[in-house]
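Scroll down for the structure; my scribbles are underneath it.
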Amino acid sequence: MADINSVAKQFTDFYYQTFDADRKGLAALYRDMSMMTWEGVQVTGAVGIVDKLSLPFQRIQHKVTTIDAQPSLPGTETMIICVTGQLLIDEETQPQQFTQMFQLVNDNGFFVYNDIFRLNYA
């Protein structure tokens, strides 16, 4: 497998830049077998996930604070990525803290098999 930290950084940069610009562009990262838990709500499949990401705000800006990555299953090209950061929605001036976990699977290019997102409330 390519350098896991490099792959994690490239994926994370692409994911949040795309999320901030046009969330529908994330559809290519998911497959019908993909699963997401967003603030406790579970959805499956690329279509269901993109529908869930059609959130009621106009603008969002993510700022990634940390990225941690590990291989997730011996003998396969899979990895787990844990991201922490801040986000601003619409006209907010106080950022919200978030954590997001991805499991990527390589099938002629990586796709998101698992995705878990939570806001971190103090």
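Chain labels follow the order of the structure tokens: the first chain is A, the next B, and so on; residue numbering restarts at 1 in every chain, and ligands are counted from 1 in their shown order.
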Problem - Contacts of Thr18 (chain A) within 12 Å, only C-alpha atoms, excl. fewer than 4 positions in-chain, as a count of residues only - result: 16
Problem - DSSP-assigned helix (DSSP H, G or I) among region 4-49 of chain A, expressed as a PyMOL selection string - result: chain A and resi 4-21+23-29+45-49
Practice task
Using DSSP on the backbone coordinates, identify the residues of chain A assigned to strand (DSSP E); present them as a PyMOL selection string.
Solution key: chain A and resi 30-38+41-44+60-71+78-89+96-106+110-120
Exercise for the section: Find, counting only C-alpha atoms, the residue in A:Gly75, A:Arg59, A:Val50, A:Glu39 that gets nearest to Thr99 (chain A). Expected result: A:Glu39
Practice task
Would you work out the distance separating CA of Glu77 (chain A) from CA of Asp32 (chain A), expressed in Å to one decimal?
Solution key: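 We find that CA of Glu77 (chain A) and CA of Asp32 (chain A) lie 19.0 Å from each other.
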Give one line per residue of region 17-71 of chain A that approaches region 2-10 of chain A to at most 12 Å, naming the two atoms of the closest pair and their distance in Å to one decimal, counting only C-alpha atoms; sort by chain then ascending residue number and deliver it as a Markdown table.
```
| residue | atom | partner | partner_atom | distance |
| --- | --- | --- | --- | --- |
| A:Gln17 | CA | A:Gln10 | CA | 10.7 |
| A:Val64 | CA | A:Lys9 | CA | 10.2 |
| A:Thr65 | CA | A:Lys9 | CA | 11.6 |
| A:Thr66 | CA | A:Lys9 | CA | 9.9 |
| A:Ile67 | CA | A:Lys9 | CA | 7.2 |
| A:Asp68 | CA | A:Asn5 | CA | 7.6 |
| A:Ala69 | CA | A:Asn5 | CA | 6.2 |
| A:Gln70 | CA | A:Ile4 | CA | 7.1 |
| A:Pro71 | CA | A:Ile4 | CA | 7.4 |
```
Exercise for the section: Write out as an MDAnalysis selection string which residues come within 10 Å of Trp38 (chain A) when counting only C-alpha atoms, dropping same-chain ones fewer than 2 positions away. Expected result: chainID A and resid 35:36 40:43 49 52:53 100 115:119
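Proximity of A:Asn108, A:Gln103, A:Thr44, A:Thr37 to Ile81 (chain A), computed with only C-alpha atoms, is greatest for A:Gln103.
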Problem - Computed interatomic separation between CA of Ala46 (chain A) and CA of Tyr30 (chain A) (Å) - result: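 Between CA of Ala46 (chain A) and CA of Tyr30 (chain A) the gap works out to 4.9 Å.
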Exercise for the section: Take CA of Leu55 (chain A) and CA of Leu104 (chain A) and report the distance between them in Å, one decimal. Expected result: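 Interatomic distance here is 23.4 Å.
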